[in-house]
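Chemist: The structure is given below, and queries will be raised subsequently.
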Amino acid sequence: MSLAHDHLSGRDLAPNDLDAFWMPFTANRAFKKNPRMIAGAKDMHYVTPEGRKILDGVAGLWCCNAGHGRKPIVEAIQKQAAELDYSPAFQFGHPKAFQLASRIAALAPADLDHVFFANSGSEAVDTALKIALAYWNVKGQGQKTRLIGRERGYHGVGFGGISVGGIVSNRKFFGSLLAGVDHLPHTYNRAEQAFSRGEPEWGAHLADELERIVTLHDASTVAAVIVEPMAGSTGVLPPPKGYLKRLREICDKHGILLIFDEVISGFGRLGYAFAAERYGVVPDMITFAKAVNSGTVPMGGVIARKGIYDAFMNGPDSVIELFHGYTYSGHPLAAAAGLATLDLYREEQLFERARALEPKWIDAMMSLKGLPNVLDIRAIGLVGAIDLASKPDAVGKRAFEAMDLGFRDHDLMIRITGETIAVTPPLIISEEQIGELVDKLGKIIKAVA
Ligand code: PMP
């Protein structure tokens, strides 16, 4: 195998160099014929190996909320690597993991006071589902095992996550998945909701489907409901007004745990530390990942209410711990990066900044209404999505062309899912850059018409 060059352009690589890496969620054959390579990043931009600056319209993968290459975060990681590279996650502790857990708990609403660390959103979700099942066990209600997710939900790629998730292609190749899982209907209805700003007026009644599912199985068998407050990866679906409150009421009525998957919505994306705060709804657990350390070092986790933690701590002697954990739970580098990131969010008031920019962001996104093939635009917080009409021959082709063209010809990185373009820039984006981003998007949409 040949050695990689210092300065990779992708096309300079011998075929074998591109061959070995089996890329995730990527059509490898097509990519390797014509790769989109990135070599560097700073603030709002990626840099290609040829030195082209690409405006980052997606904060990496919805994770680099503080922007790229931020000095305090970089230095914190470097210092930590030199000081304590790794310490065993089980039976031993290091200060920064405890400090970060307290800082995260302080940002979370109500008595969500206890943080369990994992290394990704997928692990965070599987951890939350396992905590829910174990919680009912230690409470002496081990028959509560059913889980309820939602159509068009994305909860990562673990077996728990794809079982409660509602993306057909992520499920259908992987056998029979977890037993005892039901799905709420998704909340999107174009006829009723198209071009609504923020939370649509229509759709709160869809939460009542939970009542129907619970009645069908009897509440004594249901452990937990998991939803993204705002469905992200399936096209940005903000919750209808009142929908999340209604879910909470039904869960309370029947003694069912409510889990908010905030892997995308956590840490400022919707203008608040967590979407739970924005919507005034307190879930029993929140999953997080991505922006906890601005995407710099893999980390995820679960924030649990006091009552859940206490059930284990005060449980029978046979239950003295949660039999769950990862070698890298609370990894020193990830924790140090997290502390520096939370400092930066606070010093630069980035959550408040996202909240203040939201009306301008929504105006900017909605200005693309009327362009060819634009069927709907949704915008909330610093998130936007544009649904394009499919080409007659293939669903997803037009959006794919937009992403490819954006990168190659318009120096803009966007994300696509199906026929939807999603944009979720770092929270440091300036008003001028919002204008630039939307201007580029407009040109791209016209070009793929
Ligand atoms: N949950 C949600 C809501 C997500 O958006 C994602 C990732 N986009 C995940 C879970 C999975 O996270 P990861 O890719 O870090 O496993």
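Chain labels run A, B, ... following the order of the structure tokens; each chain numbers its residues from 1, and ligands are numbered from 1 in the order shown.
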If we count only C-alpha atoms and set the cut-off at 12 Å, which residues sit around Asn189 of chain A, ignoring sequence neighbours fewer than 2 positions away in its own chain? Please answer as a list in words.
Modeler: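 Using only C-alpha atoms, the neighbours found are Pro185, His186, Thr187, Ala191, Glu192, Gln193, Ala194, Phe195, Ser196, Pro200, Glu201, Trp202, Gly203, Ala204, Leu206, Leu237, Pro238, Pro239, Pro240 and Asp376 of chain A.
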Chemist: Can you pull out the residues contacting Pro72 of chain A? Cut-off 12 Å, using only C-alpha atoms, and skip same-chain residues under 6 positions away; I want them as a list of chain:residue names.
Modeler: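 Once the nearby chain positions are removed, what remains is A:Ala66, A:Gln78, A:Lys79, A:Asn293, A:Ser294, A:Thr296, A:Ala336, A:Ala337, A:Gly338, A:Leu339, A:Ala340, A:Thr341, A:Leu342, A:Asp343, A:Leu344, A:Tyr345, A:Glu347.
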Chemist: With only C-alpha atoms as the counted atoms, please give the residues lying no more than 10 Å from Val383 of chain A, apart from itself and same-chain residues fewer than 2 positions off, as a CSV table (one decimal) with C-alpha atoms, in the first residue's frame.
Modeler:
```csv
chain,number,residue,atom,x,y,z
A,57,GLY,CA,-23.5,25.5,6.4
A,58,VAL,CA,-23.9,22.4,8.6
A,62,TRP,CA,-24.7,19.5,13.3
A,198,GLY,CA,-40.9,27.8,13.7
A,232,GLY,CA,-33.4,16.6,12.6
A,236,VAL,CA,-36.0,19.1,10.1
A,238,PRO,CA,-40.2,21.2,14.3
A,265,SER,CA,-31.1,20.2,19.5
A,269,ARG,CA,-29.1,24.9,18.2
A,270,LEU,CA,-32.6,26.1,19.0
A,354,ALA,CA,-28.7,31.9,18.1
A,358,GLU,CA,-33.6,33.3,14.7
A,361,TRP,CA,-32.5,33.4,9.9
A,362,ILE,CA,-36.1,32.4,9.3
A,365,MET,CA,-34.6,31.0,4.6
A,378,ARG,CA,-38.9,25.0,7.5
A,379,ALA,CA,-36.8,27.1,9.8
A,380,ILE,CA,-36.4,27.3,13.5
A,381,GLY,CA,-33.5,28.2,15.9
A,385,ALA,CA,-34.6,22.8,5.6
A,422,ALA,CA,-30.6,20.9,5.6
A,423,VAL,CA,-28.6,23.9,6.8
A,424,THR,CA,-27.4,24.3,10.5
A,425,PRO,CA,-24.4,26.6,10.6
```
Chemist: May I ask which of the residues A:Ile421, A:Val168, A:Ile264, A:Ala106 is the closest one to ligand 1, counting only C-alpha atoms and all ligand atoms?
Modeler: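 Comparing A:Ile421, A:Val168, A:Ile264, A:Ala106 against ligand 1, the winner is A:Ile264.
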Chemist: Using only C-alpha atoms and all ligand atoms, can you tell me which of A:Tyr326, A:Phe288, A:Tyr279, A:Phe174 comes closest to ligand 1?
Modeler: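 Selected residue with least distance to ligand 1: A:Phe288.
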Chemist: For ligand 1, collect every residue having any atom at a distance of at most 6 Å from a ligand atom (counting only C-alpha atoms and all ligand atoms); output as number ranges by chain.
Modeler: A: 120-122, 154-156, 228, 232-233, 261-264
Chemist: Hey, what's within 10 Å of Ile250 of chain A if we count only C-alpha atoms and toss same-chain stuff fewer than 2 positions away? As a list of chain:residue names, please?
Modeler: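 The neighbour list is A:Ala207, A:Asp208, A:Glu209, A:Leu210, A:Glu211, A:Val214, A:Lys245, A:Arg246, A:Leu247, A:Arg248, A:Asp252, A:Lys253, A:His254, A:Gly255, A:Ile256, A:Leu258.
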Chemist: Any chance you can output those residues with N, CA and C atoms as an mmCIF file, in the first residue's frame?
Modeler:
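The resulting file, part-v1.cif, is reproduced below:
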```cif
data_model
loop_
_atom_site.group_PDB
_atom_site.id
_atom_site.type_symbol
_atom_site.label_atom_id
_atom_site.label_comp_id
_atom_site.auth_asym_id
_atom_site.auth_seq_id
_atom_site.Cartn_x
_atom_site.Cartn_y
_atom_site.Cartn_z
ATOM 1 N N ALA A 207 -50.217 13.783 19.126
ATOM 2 C CA ALA A 207 -49.686 13.211 20.374
ATOM 3 C C ALA A 207 -50.691 12.250 21.000
ATOM 4 N N ASP A 208 -51.979 12.454 20.713
ATOM 5 C CA ASP A 208 -52.997 11.578 21.304
ATOM 6 C C ASP A 208 -52.881 10.136 20.820
ATOM 7 N N GLU A 209 -52.160 9.929 19.743
ATOM 8 C CA GLU A 209 -51.907 8.556 19.279
ATOM 9 C C GLU A 209 -51.196 7.743 20.366
ATOM 10 N N LEU A 210 -50.449 8.455 21.212
ATOM 11 C CA LEU A 210 -49.753 7.764 22.304
ATOM 12 C C LEU A 210 -50.762 7.092 23.233
ATOM 13 N N GLU A 211 -51.831 7.799 23.495
ATOM 14 C CA GLU A 211 -52.895 7.256 24.350
ATOM 15 C C GLU A 211 -53.419 5.945 23.756
ATOM 16 N N VAL A 214 -50.776 3.131 24.104
ATOM 17 C CA VAL A 214 -50.654 2.700 25.505
ATOM 18 C C VAL A 214 -51.876 1.872 25.907
ATOM 19 N N LYS A 245 -45.872 18.997 25.063
ATOM 20 C CA LYS A 245 -46.573 19.091 26.366
ATOM 21 C C LYS A 245 -47.590 17.954 26.493
ATOM 22 N N ARG A 246 -48.278 17.706 25.386
ATOM 23 C CA ARG A 246 -49.299 16.648 25.400
ATOM 24 C C ARG A 246 -48.649 15.271 25.622
ATOM 25 N N LEU A 247 -47.516 15.030 24.979
ATOM 26 C CA LEU A 247 -46.804 13.760 25.211
ATOM 27 C C LEU A 247 -46.465 13.615 26.698
ATOM 28 N N ARG A 248 -45.986 14.724 27.286
ATOM 29 C CA ARG A 248 -45.615 14.696 28.704
ATOM 30 C C ARG A 248 -46.828 14.345 29.576
ATOM 31 N N ASP A 252 -47.160 11.129 31.989
ATOM 32 C CA ASP A 252 -47.395 11.302 33.432
ATOM 33 C C ASP A 252 -48.615 10.502 33.878
ATOM 34 N N LYS A 253 -49.655 10.607 33.075
ATOM 35 C CA LYS A 253 -50.912 9.935 33.430
ATOM 36 C C LYS A 253 -50.716 8.429 33.578
ATOM 37 N N HIS A 254 -49.836 7.869 32.751
ATOM 38 C CA HIS A 254 -49.691 6.409 32.719
ATOM 39 C C HIS A 254 -48.407 5.898 33.365
ATOM 40 N N GLY A 255 -47.601 6.781 33.956
ATOM 41 C CA GLY A 255 -46.347 6.323 34.572
ATOM 42 C C GLY A 255 -45.375 5.772 33.544
ATOM 43 N N ILE A 256 -45.118 6.555 32.495
ATOM 44 C CA ILE A 256 -44.186 6.139 31.432
ATOM 45 C C ILE A 256 -43.071 7.184 31.358
ATOM 46 N N LEU A 258 -40.359 9.627 29.730
ATOM 47 C CA LEU A 258 -40.267 10.374 28.466
ATOM 48 C C LEU A 258 -38.800 10.747 28.242
#
```
Chemist: Which residue gives the smallest distance to Lys42 of chain A among A:Ala128, A:Val181, A:Ile428, A:Ala399, with only C-alpha atoms counted?
Modeler: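 For Lys42 of chain A, the nearest of the candidates is A:Ile428.
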Chemist: Looking at A:Leu437, A:Leu129, A:Ala364, A:Ala108, which one is nearest to Tyr272 of chain A, with distances taken over only C-alpha atoms?
Modeler: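 Looking only at the distances to Tyr272 of chain A, the closest residue turns out to be A:Ala108.
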Chemist: Please identify the strand (DSSP E) residues within segment 69-243 of chain A (assignment by DSSP from backbone atoms) and present them as number ranges by chain.
Modeler: A: 112-118, 146-150, 181-184, 222-227
Chemist: Using only C-alpha atoms, determine which residues lie at most 12 Å from segment 123-125 of chain A, disregarding the query and same-chain residues fewer than 4 positions distant; provide the list as a VMD selection string.
Modeler: chain A and resid 115 to 119 129 to 132 149 154 to 165 225 to 228 259 to 263 285 to 290 298 to 304 324 to 326 328 to 329
Chemist: Determine which residues of segment 157-244 of chain A DSSP labels as alpha helix (DSSP H) from the backbone of this structure, then write them out as a list in words.
Modeler: Phe159, Gly160, Gly161, Ile162, Ser163, Val164, Val168, Ser169, Asn170, Arg171, Arg190, Ala191, Glu192, Gln193, Glu209, Leu210, Glu211, Arg212, Ile213, Val214, Thr215, Leu216, His217, Tyr243 and Leu244 of chain A
Chemist: Output N, CA and C atoms for every residue in that selection, as an mmCIF file, in the first residue's frame.
Modeler:
```cif
data_model
loop_
_atom_site.group_PDB
_atom_site.id
_atom_site.type_symbol
_atom_site.label_atom_id
_atom_site.label_comp_id
_atom_site.auth_asym_id
_atom_site.auth_seq_id
_atom_site.Cartn_x
_atom_site.Cartn_y
_atom_site.Cartn_z
ATOM 1 N N PHE A 159 -28.609 -1.032 17.887
ATOM 2 C CA PHE A 159 -29.837 -1.818 17.687
ATOM 3 C C PHE A 159 -31.033 -1.204 18.407
ATOM 4 N N GLY A 160 -30.776 -0.597 19.579
ATOM 5 C CA GLY A 160 -31.866 0.101 20.258
ATOM 6 C C GLY A 160 -32.341 1.275 19.426
ATOM 7 N N GLY A 161 -31.388 2.054 18.971
ATOM 8 C CA GLY A 161 -31.709 3.269 18.207
ATOM 9 C C GLY A 161 -32.452 2.991 16.911
ATOM 10 N N ILE A 162 -32.037 1.951 16.170
ATOM 11 C CA ILE A 162 -32.762 1.689 14.908
ATOM 12 C C ILE A 162 -34.121 1.034 15.189
ATOM 13 N N SER A 163 -34.249 0.390 16.348
ATOM 14 C CA SER A 163 -35.546 -0.220 16.679
ATOM 15 C C SER A 163 -36.587 0.851 16.992
ATOM 16 N N VAL A 164 -36.212 1.846 17.776
ATOM 17 C CA VAL A 164 -37.181 2.913 18.087
ATOM 18 C C VAL A 164 -37.209 3.964 16.986
ATOM 19 N N VAL A 168 -36.896 3.792 7.360
ATOM 20 C CA VAL A 168 -37.042 2.437 6.815
ATOM 21 C C VAL A 168 -35.699 1.872 6.360
ATOM 22 N N SER A 169 -34.931 2.656 5.605
ATOM 23 C CA SER A 169 -33.684 2.107 5.047
ATOM 24 C C SER A 169 -32.669 1.777 6.142
ATOM 25 N N ASN A 170 -32.762 2.436 7.283
ATOM 26 C CA ASN A 170 -31.825 2.131 8.379
ATOM 27 C C ASN A 170 -32.240 0.886 9.159
ATOM 28 N N ARG A 171 -33.451 0.383 8.892
ATOM 29 C CA ARG A 171 -33.980 -0.746 9.654
ATOM 30 C C ARG A 171 -34.015 -2.043 8.857
ATOM 31 N N ARG A 190 -47.521 18.303 4.845
ATOM 32 C CA ARG A 190 -47.212 19.476 4.005
ATOM 33 C C ARG A 190 -48.452 20.328 3.725
ATOM 34 N N ALA A 191 -49.561 19.670 3.493
ATOM 35 C CA ALA A 191 -50.774 20.428 3.150
ATOM 36 C C ALA A 191 -51.148 21.389 4.275
ATOM 37 N N GLU A 192 -50.920 20.979 5.504
ATOM 38 C CA GLU A 192 -51.319 21.795 6.664
ATOM 39 C C GLU A 192 -50.213 22.731 7.149
ATOM 40 N N GLN A 193 -48.960 22.366 6.844
ATOM 41 C CA GLN A 193 -47.857 23.054 7.546
ATOM 42 C C GLN A 193 -46.894 23.814 6.651
ATOM 43 N N GLU A 209 -52.160 9.929 19.743
ATOM 44 C CA GLU A 209 -51.907 8.556 19.279
ATOM 45 C C GLU A 209 -51.196 7.743 20.366
ATOM 46 N N LEU A 210 -50.449 8.455 21.212
ATOM 47 C CA LEU A 210 -49.753 7.764 22.304
ATOM 48 C C LEU A 210 -50.762 7.092 23.233
ATOM 49 N N GLU A 211 -51.831 7.799 23.495
ATOM 50 C CA GLU A 211 -52.895 7.256 24.350
ATOM 51 C C GLU A 211 -53.419 5.945 23.756
ATOM 52 N N ARG A 212 -53.597 5.945 22.447
ATOM 53 C CA ARG A 212 -54.143 4.760 21.772
ATOM 54 C C ARG A 212 -53.167 3.574 21.891
ATOM 55 N N ILE A 213 -51.869 3.849 21.655
ATOM 56 C CA ILE A 213 -50.872 2.767 21.710
ATOM 57 C C ILE A 213 -50.771 2.221 23.134
ATOM 58 N N VAL A 214 -50.776 3.131 24.104
ATOM 59 C CA VAL A 214 -50.654 2.700 25.505
ATOM 60 C C VAL A 214 -51.876 1.872 25.907
ATOM 61 N N THR A 215 -53.047 2.300 25.487
ATOM 62 C CA THR A 215 -54.266 1.555 25.822
ATOM 63 C C THR A 215 -54.219 0.151 25.222
ATOM 64 N N LEU A 216 -53.721 0.075 23.994
ATOM 65 C CA LEU A 216 -53.658 -1.215 23.299
ATOM 66 C C LEU A 216 -52.829 -2.236 24.084
ATOM 67 N N HIS A 217 -51.724 -1.778 24.666
ATOM 68 C CA HIS A 217 -50.809 -2.722 25.336
ATOM 69 C C HIS A 217 -50.973 -2.749 26.846
ATOM 70 N N TYR A 243 -47.533 19.980 21.113
ATOM 71 C CA TYR A 243 -47.385 18.527 20.930
ATOM 72 C C TYR A 243 -46.562 17.884 22.058
ATOM 73 N N LEU A 244 -45.413 18.496 22.379
ATOM 74 C CA LEU A 244 -44.523 17.881 23.372
ATOM 75 C C LEU A 244 -45.153 17.911 24.767
#
```
Chemist: Determine, for each residue of segment 239-343 of chain A having at least one atom at most 9 Å from an atom of segment 135-144 of chain A, the closest pair of atoms and their separation in Å to one decimal, counting only C-alpha atoms; order by chain and ascending number, as a tab-separated table.
Modeler:
```
residue	atom	partner	partner_atom	distance
A:Ile256	CA	A:Lys144	CA	8.9
A:Ile308	CA	A:Tyr135	CA	6.6
A:Tyr309	CA	A:Tyr135	CA	8.5
A:Ala311	CA	A:Val138	CA	6.8
A:Phe312	CA	A:Val138	CA	6.7
A:Gly315	CA	A:Val138	CA	6.2
A:Pro316	CA	A:Val138	CA	7.3
A:Val319	CA	A:Val138	CA	7.2
```
Chemist: Applying 6 Å and only C-alpha atoms, which residues near segment 87-99 of chain A remain after dropping the ones on its own chain fewer than 3 positions away? List them as number ranges by chain.
Modeler: A: 102, 327, 329-330, 335
